[in-house]
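Structure file upload_13.pdb; described as PDB, C-alpha atoms and all ligand atoms.
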```
ATOM      1  CA  MET A1212       0.000   0.000   0.000  1.00  0.00           C
ATOM      2  CA  THR A1213       1.175   3.517  -0.725  1.00  0.00           C
ATOM      3  CA  LEU A1214       1.354   6.256   1.875  1.00  0.00           C
ATOM      4  CA  ALA A1215      -1.670   7.952   0.290  1.00  0.00           C
ATOM      5  CA  GLN A1216      -3.646   4.713   0.532  1.00  0.00           C
ATOM      6  CA  ASN A1217      -2.646   4.248   4.174  1.00  0.00           C
ATOM      7  CA  LEU A1218      -3.736   7.786   4.888  1.00  0.00           C
ATOM      8  CA  ARG A1219      -7.138   7.293   3.246  1.00  0.00           C
ATOM      9  CA  GLN A1220      -7.603   4.064   5.192  1.00  0.00           C
ATOM     10  CA  VAL A1221      -6.762   5.613   8.583  1.00  0.00           C
ATOM     11  CA  GLU A1222      -8.927   8.649   7.789  1.00  0.00           C
ATOM     12  CA  SER A1223     -11.929   6.556   6.872  1.00  0.00           C
ATOM     13  CA  ARG A1224     -11.575   4.304   9.923  1.00  0.00           C
ATOM     14  CA  VAL A1225     -11.294   7.347  12.191  1.00  0.00           C
ATOM     15  CA  SER A1226     -14.264   9.135  10.675  1.00  0.00           C
ATOM     16  CA  GLU A1227     -16.392   5.983  10.795  1.00  0.00           C
ATOM     17  CA  LEU A1228     -15.672   5.577  14.524  1.00  0.00           C
ATOM     18  CA  ALA A1229     -15.999   9.286  15.271  1.00  0.00           C
ATOM     19  CA  ARG A1230     -19.508   9.377  13.761  1.00  0.00           C
ATOM     20  CA  GLY A1231     -19.310  12.911  12.470  1.00  0.00           C
ATOM     21  CA  ARG A1232     -17.206  14.321  15.339  1.00  0.00           C
ATOM     22  CA  PRO A1233     -14.047  16.023  13.984  1.00  0.00           C
ATOM     23  CA  VAL A1234     -10.839  14.134  14.830  1.00  0.00           C
ATOM     24  CA  CYS A1235      -7.474  15.466  13.702  1.00  0.00           C
ATOM     25  CA  ILE A1236      -4.846  13.005  12.507  1.00  0.00           C
ATOM     26  CA  VAL A1237      -1.293  14.021  13.383  1.00  0.00           C
ATOM     27  CA  ALA A1238       1.065  12.080  11.119  1.00  0.00           C
ATOM     28  CA  VAL A1239       3.986  11.046  13.334  1.00  0.00           C
ATOM     29  CA  SER A1240       6.989  11.448  11.062  1.00  0.00           C
ATOM     30  CA  LYS A1241       9.826  10.852  13.550  1.00  0.00           C
ATOM     31  CA  GLY A1242      12.345   8.459  12.065  1.00  0.00           C
ATOM     32  CA  GLN A1243      11.066   9.194   8.560  1.00  0.00           C
ATOM     33  CA  PRO A1244      12.886  11.258   5.934  1.00  0.00           C
ATOM     34  CA  SER A1245      11.518  14.610   4.799  1.00  0.00           C
ATOM     35  CA  GLU A1246      10.568  13.164   1.397  1.00  0.00           C
ATOM     36  CA  LYS A1247       7.935  11.054   3.155  1.00  0.00           C
ATOM     37  CA  ILE A1248       6.476  14.180   4.713  1.00  0.00           C
ATOM     38  CA  ARG A1249       6.383  15.765   1.279  1.00  0.00           C
ATOM     39  CA  GLU A1250       4.578  12.706  -0.046  1.00  0.00           C
ATOM     40  CA  ALA A1251       2.035  12.856   2.782  1.00  0.00           C
ATOM     41  CA  PHE A1252       1.551  16.569   2.119  1.00  0.00           C
ATOM     42  CA  ALA A1253       0.832  15.826  -1.534  1.00  0.00           C
ATOM     43  CA  ALA A1254      -1.826  13.379  -0.317  1.00  0.00           C
ATOM     44  CA  GLY A1255      -3.454  16.139   1.733  1.00  0.00           C
ATOM     45  CA  GLN A1256      -1.886  15.709   5.187  1.00  0.00           C
ATOM     46  CA  ARG A1257      -0.963  18.953   7.005  1.00  0.00           C
ATOM     47  CA  ALA A1258      -0.243  18.121  10.689  1.00  0.00           C
ATOM     48  CA  PHE A1259       2.974  16.274  11.556  1.00  0.00           C
ATOM     49  CA  GLY A1260       4.394  15.032  14.851  1.00  0.00           C
ATOM     50  CA  GLU A1261       8.063  14.851  15.795  1.00  0.00           C
ATOM     51  CA  SER A1262       9.792  13.642  18.961  1.00  0.00           C
ATOM     52  CA  TYR A1263      13.417  14.723  18.592  1.00  0.00           C
ATOM     53  CA  VAL A1264      14.265  18.406  18.334  1.00  0.00           C
ATOM     54  CA  GLN A1265      17.357  18.249  16.120  1.00  0.00           C
ATOM     55  CA  GLU A1266      15.819  15.773  13.705  1.00  0.00           C
ATOM     56  CA  ALA A1267      12.669  17.894  13.495  1.00  0.00           C
ATOM     57  CA  LEU A1268      14.531  21.153  12.839  1.00  0.00           C
ATOM     58  CA  GLU A1269      16.459  19.591   9.975  1.00  0.00           C
ATOM     59  CA  LYS A1270      13.292  18.372   8.317  1.00  0.00           C
ATOM     60  CA  GLN A1271      11.461  21.637   8.893  1.00  0.00           C
ATOM     61  CA  GLU A1272      14.319  23.430   7.153  1.00  0.00           C
ATOM     62  CA  ALA A1273      14.116  21.051   4.189  1.00  0.00           C
ATOM     63  CA  LEU A1274      10.332  21.570   4.015  1.00  0.00           C
ATOM     64  CA  ARG A1275      10.229  25.343   4.379  1.00  0.00           C
ATOM     65  CA  ASP A1276       8.323  25.705   1.111  1.00  0.00           C
ATOM     66  CA  LEU A1277       5.327  23.821   2.551  1.00  0.00           C
ATOM     67  CA  SER A1278       2.788  25.187   4.996  1.00  0.00           C
ATOM     68  CA  LEU A1279       2.664  22.536   7.720  1.00  0.00           C
ATOM     69  CA  GLU A1280       1.433  22.327  11.291  1.00  0.00           C
ATOM     70  CA  TRP A1281       4.073  20.918  13.642  1.00  0.00           C
ATOM     71  CA  HIS A1282       3.352  19.006  16.841  1.00  0.00           C
ATOM     72  CA  PHE A1283       6.105  18.236  19.323  1.00  0.00           C
ATOM     73  CA  ILE A1284       5.209  14.912  20.932  1.00  0.00           C
ATOM     74  CA  GLY A1285       8.500  13.810  22.488  1.00  0.00           C
ATOM     75  CA  PRO A1286      10.017  14.234  25.922  1.00  0.00           C
ATOM     76  CA  LEU A1287      11.199  17.820  26.320  1.00  0.00           C
ATOM     77  CA  GLN A1288      14.303  18.887  28.241  1.00  0.00           C
ATOM     78  CA  SER A1289      14.595  22.426  29.536  1.00  0.00           C
ATOM     79  CA  ASN A1290      17.607  23.241  27.310  1.00  0.00           C
ATOM     80  CA  LYS A1291      15.473  22.536  24.196  1.00  0.00           C
ATOM     81  CA  THR A1292      12.461  24.651  25.083  1.00  0.00           C
ATOM     82  CA  THR A1293      13.406  27.662  22.924  1.00  0.00           C
ATOM     83  CA  PRO A1294      13.668  25.870  19.556  1.00  0.00           C
ATOM     84  CA  VAL A1295      10.482  23.974  20.340  1.00  0.00           C
ATOM     85  CA  ALA A1296       8.626  27.177  21.259  1.00  0.00           C
ATOM     86  CA  LEU A1297       9.839  28.842  18.064  1.00  0.00           C
ATOM     87  CA  HIS A1298       9.343  26.024  15.575  1.00  0.00           C
ATOM     88  CA  PHE A1299       6.242  24.142  16.718  1.00  0.00           C
ATOM     89  CA  ASP A1300       2.541  24.944  16.869  1.00  0.00           C
ATOM     90  CA  TRP A1301       1.712  22.373  19.532  1.00  0.00           C
ATOM     91  CA  VAL A1302       3.429  20.605  22.445  1.00  0.00           C
ATOM     92  CA  HIS A1303       1.648  17.455  23.624  1.00  0.00           C
ATOM     93  CA  GLY A1304       3.771  16.157  26.467  1.00  0.00           C
ATOM     94  CA  LEU A1305       3.871  18.995  28.971  1.00  0.00           C
ATOM     95  CA  ASP A1306       4.297  17.687  32.507  1.00  0.00           C
ATOM     96  CA  ARG A1307       6.477  20.201  34.391  1.00  0.00           C
ATOM     97  CA  VAL A1308       5.984  23.801  35.479  1.00  0.00           C
ATOM     98  CA  LYS A1309       9.562  24.752  34.656  1.00  0.00           C
ATOM     99  CA  ILE A1310       9.233  23.594  31.042  1.00  0.00           C
ATOM    100  CA  ALA A1311       5.892  25.356  30.735  1.00  0.00           C
ATOM    101  CA  GLU A1312       7.353  28.632  31.990  1.00  0.00           C
ATOM    102  CA  ARG A1313      10.292  28.442  29.620  1.00  0.00           C
ATOM    103  CA  LEU A1314       8.072  27.683  26.605  1.00  0.00           C
ATOM    104  CA  SER A1315       5.786  30.568  27.520  1.00  0.00           C
ATOM    105  CA  ASP A1316       8.680  33.013  27.946  1.00  0.00           C
ATOM    106  CA  ALA A1317      10.181  32.034  24.579  1.00  0.00           C
ATOM    107  CA  ARG A1318       6.860  32.609  22.794  1.00  0.00           C
ATOM    108  CA  ILE A1319       6.453  36.026  24.409  1.00  0.00           C
ATOM    109  CA  VAL A1320      10.014  37.131  23.595  1.00  0.00           C
ATOM    110  CA  ALA A1321       9.521  36.075  19.970  1.00  0.00           C
ATOM    111  CA  LYS A1322       6.118  37.845  19.871  1.00  0.00           C
ATOM    112  CA  LEU A1323       4.439  34.673  18.694  1.00  0.00           C
ATOM    113  CA  PRO A1324       0.830  33.778  19.520  1.00  0.00           C
ATOM    114  CA  PRO A1325       0.331  31.397  22.456  1.00  0.00           C
ATOM    115  CA  LEU A1326       1.661  27.874  21.923  1.00  0.00           C
ATOM    116  CA  ASN A1327      -1.011  25.154  22.035  1.00  0.00           C
ATOM    117  CA  VAL A1328      -0.236  22.677  24.800  1.00  0.00           C
ATOM    118  CA  CYS A1329      -1.620  19.471  26.226  1.00  0.00           C
ATOM    119  CA  LEU A1330      -0.717  18.159  29.659  1.00  0.00           C
ATOM    120  CA  GLN A1331       0.614  14.623  29.616  1.00  0.00           C
ATOM    121  CA  VAL A1332      -1.108  12.382  32.128  1.00  0.00           C
ATOM    122  CA  ASN A1333       0.318   9.068  33.269  1.00  0.00           C
ATOM    123  CA  LEU A1334      -2.752   6.966  33.986  1.00  0.00           C
ATOM    124  CA  SER A1335      -1.176   3.625  34.647  1.00  0.00           C
ATOM    125  CA  GLY A1336       0.988   4.946  37.470  1.00  0.00           C
ATOM    126  CA  GLU A1337       4.138   3.430  35.968  1.00  0.00           C
ATOM    127  CA  ILE A1338       7.114   4.804  37.864  1.00  0.00           C
ATOM    128  CA  GLY A1339       9.603   6.736  35.781  1.00  0.00           C
ATOM    129  CA  LYS A1340       7.195   7.328  32.938  1.00  0.00           C
ATOM    130  CA  ALA A1341       6.533  10.845  31.717  1.00  0.00           C
ATOM    131  CA  GLY A1342       3.364  12.608  32.736  1.00  0.00           C
ATOM    132  CA  VAL A1343       1.652  13.853  35.862  1.00  0.00           C
ATOM    133  CA  THR A1344      -0.726  11.707  37.857  1.00  0.00           C
ATOM    134  CA  ALA A1345      -4.422  12.384  37.469  1.00  0.00           C
ATOM    135  CA  GLU A1346      -4.333  13.863  40.998  1.00  0.00           C
ATOM    136  CA  ASP A1347      -1.622  16.377  40.058  1.00  0.00           C
ATOM    137  CA  ALA A1348      -3.149  17.376  36.723  1.00  0.00           C
ATOM    138  CA  THR A1349      -5.448  20.037  38.181  1.00  0.00           C
ATOM    139  CA  ALA A1350      -2.623  21.861  39.954  1.00  0.00           C
ATOM    140  CA  LEU A1351      -0.492  21.853  36.800  1.00  0.00           C
ATOM    141  CA  ALA A1352      -3.461  23.003  34.708  1.00  0.00           C
ATOM    142  CA  ARG A1353      -3.927  25.986  37.045  1.00  0.00           C
ATOM    143  CA  VAL A1354      -0.316  27.088  36.568  1.00  0.00           C
ATOM    144  CA  VAL A1355      -0.200  26.449  32.812  1.00  0.00           C
ATOM    145  CA  GLY A1356      -3.566  28.148  32.329  1.00  0.00           C
ATOM    146  CA  MET A1357      -2.097  31.370  33.739  1.00  0.00           C
ATOM    147  CA  LEU A1358       0.955  31.516  31.464  1.00  0.00           C
ATOM    148  CA  PRO A1359       0.455  34.168  28.776  1.00  0.00           C
ATOM    149  CA  GLY A1360       2.589  32.442  26.140  1.00  0.00           C
ATOM    150  CA  LEU A1361       0.665  29.156  26.305  1.00  0.00           C
ATOM    151  CA  LYS A1362      -2.831  28.092  25.415  1.00  0.00           C
ATOM    152  CA  LEU A1363      -3.884  25.076  27.421  1.00  0.00           C
ATOM    153  CA  ARG A1364      -5.892  22.951  24.989  1.00  0.00           C
ATOM    154  CA  GLY A1365      -6.278  19.652  26.780  1.00  0.00           C
ATOM    155  CA  LEU A1366      -4.755  16.363  27.855  1.00  0.00           C
ATOM    156  CA  MET A1367      -2.544  13.742  26.276  1.00  0.00           C
ATOM    157  CA  THR A1368      -1.683  10.210  27.317  1.00  0.00           C
ATOM    158  CA  LEU A1369       0.634   7.468  26.172  1.00  0.00           C
ATOM    159  CA  PRO A1370      -0.672   4.308  27.832  1.00  0.00           C
ATOM    160  CA  GLU A1371       1.283   1.103  28.247  1.00  0.00           C
ATOM    161  CA  GLN A1372       1.083  -1.024  25.123  1.00  0.00           C
ATOM    162  CA  THR A1373      -1.471  -3.762  25.265  1.00  0.00           C
ATOM    163  CA  ALA A1374      -3.476  -5.720  22.717  1.00  0.00           C
ATOM    164  CA  ASP A1375      -6.311  -5.889  25.253  1.00  0.00           C
ATOM    165  CA  VAL A1376      -8.899  -3.513  23.787  1.00  0.00           C
ATOM    166  CA  THR A1377     -10.881  -3.400  27.023  1.00  0.00           C
ATOM    167  CA  LEU A1378      -7.833  -2.161  28.879  1.00  0.00           C
ATOM    168  CA  GLN A1379      -7.054   0.325  26.085  1.00  0.00           C
ATOM    169  CA  ARG A1380     -10.550   1.725  26.338  1.00  0.00           C
ATOM    170  CA  ARG A1381     -10.407   1.894  30.129  1.00  0.00           C
ATOM    171  CA  ARG A1382      -7.268   4.067  30.008  1.00  0.00           C
ATOM    172  CA  PHE A1383      -8.707   6.378  27.381  1.00  0.00           C
ATOM    173  CA  ALA A1384     -12.011   6.629  29.243  1.00  0.00           C
ATOM    174  CA  ALA A1385     -10.068   7.635  32.362  1.00  0.00           C
ATOM    175  CA  LEU A1386      -8.369  10.458  30.453  1.00  0.00           C
ATOM    176  CA  ARG A1387     -11.698  11.624  29.096  1.00  0.00           C
ATOM    177  CA  SER A1388     -13.233  11.647  32.547  1.00  0.00           C
ATOM    178  CA  LEU A1389     -10.329  13.727  33.890  1.00  0.00           C
ATOM    179  CA  PHE A1390     -10.787  16.065  30.905  1.00  0.00           C
ATOM    180  CA  GLU A1391     -14.480  16.435  31.704  1.00  0.00           C
ATOM    181  CA  SER A1392     -13.829  17.128  35.354  1.00  0.00           C
ATOM    182  CA  LEU A1393     -11.326  19.866  34.445  1.00  0.00           C
ATOM    183  CA  ARG A1394     -13.911  21.382  32.122  1.00  0.00           C
ATOM    184  CA  ARG A1395     -16.458  21.362  34.924  1.00  0.00           C
ATOM    185  CA  GLU A1396     -13.924  23.282  37.009  1.00  0.00           C
ATOM    186  CA  GLY A1397     -13.892  25.967  34.326  1.00  0.00           C
ATOM    187  CA  PHE A1398     -10.882  25.097  32.166  1.00  0.00           C
ATOM    188  CA  GLU A1399     -11.763  25.700  28.526  1.00  0.00           C
ATOM    189  CA  LEU A1400     -10.294  22.528  27.087  1.00  0.00           C
ATOM    190  CA  ASP A1401     -11.131  21.142  23.652  1.00  0.00           C
ATOM    191  CA  THR A1402      -8.430  18.541  23.005  1.00  0.00           C
ATOM    192  CA  LEU A1403      -7.936  14.916  23.964  1.00  0.00           C
ATOM    193  CA  SER A1404      -4.712  13.736  22.339  1.00  0.00           C
ATOM    194  CA  MET A1405      -4.901   9.974  22.555  1.00  0.00           C
ATOM    195  CA  GLY A1406      -4.466   7.014  20.238  1.00  0.00           C
ATOM    196  CA  MET A1407      -1.576   5.756  18.073  1.00  0.00           C
ATOM    197  CA  SER A1408      -1.277   3.196  15.273  1.00  0.00           C
ATOM    198  CA  ASP A1409      -2.216   0.224  17.440  1.00  0.00           C
ATOM    199  CA  ASP A1410      -4.928   1.757  19.579  1.00  0.00           C
ATOM    200  CA  PHE A1411      -6.474   4.714  17.761  1.00  0.00           C
ATOM    201  CA  ALA A1412      -9.752   2.863  17.257  1.00  0.00           C
ATOM    202  CA  ALA A1413     -10.261   2.467  21.013  1.00  0.00           C
ATOM    203  CA  ALA A1414      -9.172   6.077  21.570  1.00  0.00           C
ATOM    204  CA  VAL A1415     -11.608   7.508  19.017  1.00  0.00           C
ATOM    205  CA  MET A1416     -14.425   5.456  20.522  1.00  0.00           C
ATOM    206  CA  GLU A1417     -13.582   7.067  23.870  1.00  0.00           C
ATOM    207  CA  GLY A1418     -13.654  10.599  22.535  1.00  0.00           C
ATOM    208  CA  SER A1419     -10.183  11.358  21.210  1.00  0.00           C
ATOM    209  CA  THR A1420      -9.929  14.604  19.212  1.00  0.00           C
ATOM    210  CA  ILE A1421      -6.326  14.101  18.044  1.00  0.00           C
ATOM    211  CA  VAL A1422      -4.788  10.760  17.142  1.00  0.00           C
ATOM    212  CA  ARG A1423      -1.013  10.557  16.667  1.00  0.00           C
ATOM    213  CA  VAL A1424      -0.369   7.949  14.006  1.00  0.00           C
ATOM    214  CA  GLY A1425       3.056   7.004  12.665  1.00  0.00           C
ATOM    215  CA  THR A1426       3.675   3.393  11.634  1.00  0.00           C
ATOM    216  CA  ALA A1427       0.190   2.832  10.201  1.00  0.00           C
ATOM    217  CA  LEU A1428       0.846   5.652   7.727  1.00  0.00           C
ATOM    218  CA  PHE A1429       4.569   5.527   7.012  1.00  0.00           C
ATOM    219  CA  GLY A1430       5.472   1.931   7.823  1.00  0.00           C
ATOM    220  CA  GLU A1431       8.388   1.074  10.082  1.00  0.00           C
ATOM    221  CA  ARG A1432      10.678   3.886  11.178  1.00  0.00           C
ATOM    222  CA  ARG A1433      14.213   3.920   9.809  1.00  0.00           C
ATOM    223  CA  ARG A1434      15.960   6.023  12.366  1.00  0.00           C
ATOM    224  CA  LYS A1435      15.994   5.443  16.081  1.00  0.00           C
ATOM    225  CA  THR A1436      12.699   5.967  17.815  1.00  0.00           C
TER     226      THR A1436
HETATM  227  C1  LIG B1501       6.065   7.504  18.189  1.00  0.00           C
HETATM  228  C2  LIG B1501       4.868   8.102  18.845  1.00  0.00           C
HETATM  229  C3  LIG B1501       3.591   7.978  18.276  1.00  0.00           C
HETATM  230  C4  LIG B1501       3.311   7.175  17.010  1.00  0.00           C
HETATM  231  O1  LIG B1501       3.486   5.819  17.226  1.00  0.00           O
HETATM  232  P1  LIG B1501       3.013   4.726  16.123  1.00  0.00           P
HETATM  233  O2  LIG B1501       2.866   3.500  16.922  1.00  0.00           O
HETATM  234  O3  LIG B1501       4.093   4.653  15.117  1.00  0.00           O
HETATM  235  O4  LIG B1501       1.733   5.205  15.553  1.00  0.00           O
HETATM  236  C5  LIG B1501       2.531   8.625  18.902  1.00  0.00           C
HETATM  237  N1  LIG B1501       2.698   9.338  20.028  1.00  0.00           N
HETATM  238  C6  LIG B1501       3.901   9.471  20.602  1.00  0.00           C
HETATM  239  C7  LIG B1501       4.009  10.278  21.858  1.00  0.00           C
HETATM  240  C8  LIG B1501       5.012   8.852  20.048  1.00  0.00           C
HETATM  241  O5  LIG B1501       6.204   8.980  20.660  1.00  0.00           O
END
```
Would you mind writing the file out in structure tokens?
Ligand SMILES: *Cc1c(COP(=O)(O)O)cnc(C)c1O
Amino acid sequence: MTLAQNLRQVESRVSELARGRPVCIVAVSKGQPSEKIREAFAAGQRAFGESYVQEALEKQEALRDLSLEWHFIGPLQSNKTTPVALHFDWVHGLDRVKIAERLSDARIVAKLPPLNVCLQVNLSGEIGKAGVTAEDATALARVVGMLPGLKLRGLMTLPEQTADVTLQRRRFAALRSLFESLRREGFELDTLSMGMSDDFAAAVMEGSTIVRVGTALFGERRRKT
């Protein structure tokens, strides 16, 4: 199957499961060369996700002639916040106040509009994994919501891999219920970033508004992931 065919297939599966609700597909292009991004663009794809700053900047440079929307979905260290704030439209994995403050400051200094951010929530409680606990999400949302250079859009999660669809759905339902409770508290959130190649169906059924799909579109990654 070609990339364009993969894209049409993922799009139609997502829209079937979303039953008319809009769901954005972020094409995760980490580990893929810029020519693949160009090919996806030609097939109509506009939003791309990258996890490694240097790799992303190189590809963005090579693709400067295209109008693309860039999502940073990787782990973010504080010494990389400036390039991410300057070269991305979205950051999905925010889980620390210090990183949030640095991203906000960099957007303000550069006179750019607020950066769209999602808080990463670790639902399975795995030690050492990125993300705040559901209990800590509200406190982080309060701080992030006050930062002038950021626009808090919603929540993101990266659950443990499992082929058990019931478990997949339980994790995604837990993120949605946290999202709804934050909205009841007054946070104006509109984004649930959940679902990847192997579990986007379960995520869309549970209310995902952004799925981050790599392998199902591009095939296996060449570079390190
Ligand atoms: C790599 C990655 C994806 C895409 O994974 P696939 O299984 O290739 O679809 C999605 N989200 C995050 C945070 C990732 O790091």
Applied to the shown file, which residues does the PyMOL selection byres (((chain A and resi 1246-1258) around 7) and not hetatm) return, written as a PDB file with C-alpha atoms, in the frame of the given file?
```pdb
ATOM      1  CA  LEU A1214       1.354   6.256   1.875  1.00  0.00           C
ATOM      2  CA  ALA A1215      -1.670   7.952   0.290  1.00  0.00           C
ATOM      3  CA  VAL A1237      -1.293  14.021  13.383  1.00  0.00           C
ATOM      4  CA  ALA A1238       1.065  12.080  11.119  1.00  0.00           C
ATOM      5  CA  SER A1240       6.989  11.448  11.062  1.00  0.00           C
ATOM      6  CA  GLN A1243      11.066   9.194   8.560  1.00  0.00           C
ATOM      7  CA  PRO A1244      12.886  11.258   5.934  1.00  0.00           C
ATOM      8  CA  SER A1245      11.518  14.610   4.799  1.00  0.00           C
ATOM      9  CA  PHE A1259       2.974  16.274  11.556  1.00  0.00           C
ATOM     10  CA  GLY A1260       4.394  15.032  14.851  1.00  0.00           C
ATOM     11  CA  LEU A1279       2.664  22.536   7.720  1.00  0.00           C
ATOM     12  CA  GLU A1280       1.433  22.327  11.291  1.00  0.00           C
ATOM     13  CA  TRP A1281       4.073  20.918  13.642  1.00  0.00           C
TER      14      TRP A1281
END
```
Residue nearest Leu1334 of chain A among A:Arg1394, A:Lys1309, A:His1298, A:Arg1381 (counting only C-alpha atoms): A:Arg1381
Given 10 Å and all atoms listed in the file, residues near ligand LIG 1501 (chain B) as a PyMOL selection string: chain A and resi 1237-1242+1260-1263+1283-1286+1303-1304+1331+1367-1370+1372+1404-1411+1422-1432+1436
For a quick check of your reading of the model, name the residues lying within 9 Å of the coordinate (0.5, 14.2, 36.9), counting all atoms listed in the file, and write them as a PyMOL selection string. chain A and resi 1306-1307+1330-1334+1341-1351
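From atom CA of Arg1232 of chain A back to atom CA of Ser1388 of chain A, the distance works out to 17.9 Å.
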Determine the residue membership of the PyMOL selection byres (((chain A and resi 1363) around 7) and not hetatm) for the file above and supply it as a ChimeraX atom specification. /A:1327-1329,1355-1356,1361-1362,1364-1365,1400
Write a file of the just-selected residues containing C-alpha atoms, as a short mmCIF file (atom, residue, chain, number, x, y, z; two decimals), keeping the file's coordinate frame.
```cif
data_model
loop_
_atom_site.label_atom_id
_atom_site.label_comp_id
_atom_site.auth_asym_id
_atom_site.auth_seq_id
_atom_site.Cartn_x
_atom_site.Cartn_y
_atom_site.Cartn_z
CA ASN A 1327 -1.01 25.15 22.04
CA VAL A 1328 -0.24 22.68 24.80
CA CYS A 1329 -1.62 19.47 26.23
CA VAL A 1355 -0.20 26.45 32.81
CA GLY A 1356 -3.57 28.15 32.33
CA LEU A 1361 0.66 29.16 26.30
CA LYS A 1362 -2.83 28.09 25.42
CA ARG A 1364 -5.89 22.95 24.99
CA GLY A 1365 -6.28 19.65 26.78
CA LEU A 1400 -10.29 22.53 27.09
#
```
Complete segment 1286-1298 of chain A with N, CA, C and O atoms (output as a PDB file, in the coordinates of the input).
```pdb
ATOM      1  N   PRO A1286       9.629  13.700  24.616  1.00  0.00           N
ATOM      2  CA  PRO A1286      10.017  14.234  25.922  1.00  0.00           C
ATOM      3  C   PRO A1286      10.826  15.508  25.715  1.00  0.00           C
ATOM      4  O   PRO A1286      11.627  15.589  24.780  1.00  0.00           O
ATOM      5  N   LEU A1287      10.580  16.508  26.533  1.00  0.00           N
ATOM      6  CA  LEU A1287      11.199  17.820  26.320  1.00  0.00           C
ATOM      7  C   LEU A1287      12.081  18.201  27.501  1.00  0.00           C
ATOM      8  O   LEU A1287      11.619  18.288  28.626  1.00  0.00           O
ATOM      9  N   GLN A1288      13.376  18.423  27.208  1.00  0.00           N
ATOM     10  CA  GLN A1288      14.303  18.887  28.241  1.00  0.00           C
ATOM     11  C   GLN A1288      14.337  20.410  28.254  1.00  0.00           C
ATOM     12  O   GLN A1288      14.098  21.046  27.236  1.00  0.00           O
ATOM     13  N   SER A1289      14.703  20.970  29.408  1.00  0.00           N
ATOM     14  CA  SER A1289      14.595  22.426  29.536  1.00  0.00           C
ATOM     15  C   SER A1289      15.568  23.163  28.619  1.00  0.00           C
ATOM     16  O   SER A1289      15.298  24.288  28.229  1.00  0.00           O
ATOM     17  N   ASN A1290      16.680  22.542  28.216  1.00  0.00           N
ATOM     18  CA  ASN A1290      17.607  23.241  27.310  1.00  0.00           C
ATOM     19  C   ASN A1290      17.133  23.244  25.855  1.00  0.00           C
ATOM     20  O   ASN A1290      17.771  23.835  24.997  1.00  0.00           O
ATOM     21  N   LYS A1291      16.005  22.576  25.574  1.00  0.00           N
ATOM     22  CA  LYS A1291      15.473  22.536  24.196  1.00  0.00           C
ATOM     23  C   LYS A1291      14.161  23.303  24.076  1.00  0.00           C
ATOM     24  O   LYS A1291      13.496  23.237  23.041  1.00  0.00           O
ATOM     25  N   THR A1292      13.780  24.014  25.124  1.00  0.00           N
ATOM     26  CA  THR A1292      12.461  24.651  25.083  1.00  0.00           C
ATOM     27  C   THR A1292      12.388  25.774  24.047  1.00  0.00           C
ATOM     28  O   THR A1292      11.350  25.944  23.416  1.00  0.00           O
ATOM     29  N   THR A1293      13.480  26.536  23.868  1.00  0.00           N
ATOM     30  CA  THR A1293      13.406  27.662  22.924  1.00  0.00           C
ATOM     31  C   THR A1293      13.165  27.203  21.490  1.00  0.00           C
ATOM     32  O   THR A1293      12.209  27.665  20.856  1.00  0.00           O
ATOM     33  N   PRO A1294      13.980  26.301  20.932  1.00  0.00           N
ATOM     34  CA  PRO A1294      13.668  25.870  19.556  1.00  0.00           C
ATOM     35  C   PRO A1294      12.275  25.257  19.429  1.00  0.00           C
ATOM     36  O   PRO A1294      11.609  25.449  18.398  1.00  0.00           O
ATOM     37  N   VAL A1295      11.824  24.557  20.428  1.00  0.00           N
ATOM     38  CA  VAL A1295      10.482  23.974  20.340  1.00  0.00           C
ATOM     39  C   VAL A1295       9.425  25.082  20.343  1.00  0.00           C
ATOM     40  O   VAL A1295       8.493  25.070  19.535  1.00  0.00           O
ATOM     41  N   ALA A1296       9.595  26.062  21.212  1.00  0.00           N
ATOM     42  CA  ALA A1296       8.626  27.177  21.259  1.00  0.00           C
ATOM     43  C   ALA A1296       8.607  27.943  19.943  1.00  0.00           C
ATOM     44  O   ALA A1296       7.561  28.425  19.514  1.00  0.00           O
ATOM     45  N   LEU A1297       9.754  28.041  19.295  1.00  0.00           N
ATOM     46  CA  LEU A1297       9.839  28.842  18.064  1.00  0.00           C
ATOM     47  C   LEU A1297       9.398  28.086  16.822  1.00  0.00           C
ATOM     48  O   LEU A1297       8.958  28.692  15.857  1.00  0.00           O
ATOM     49  N   HIS A1298       9.543  26.775  16.817  1.00  0.00           N
ATOM     50  CA  HIS A1298       9.343  26.024  15.575  1.00  0.00           C
ATOM     51  C   HIS A1298       8.165  25.052  15.586  1.00  0.00           C
ATOM     52  O   HIS A1298       7.990  24.298  14.635  1.00  0.00           O
TER      53      HIS A1298
END
```
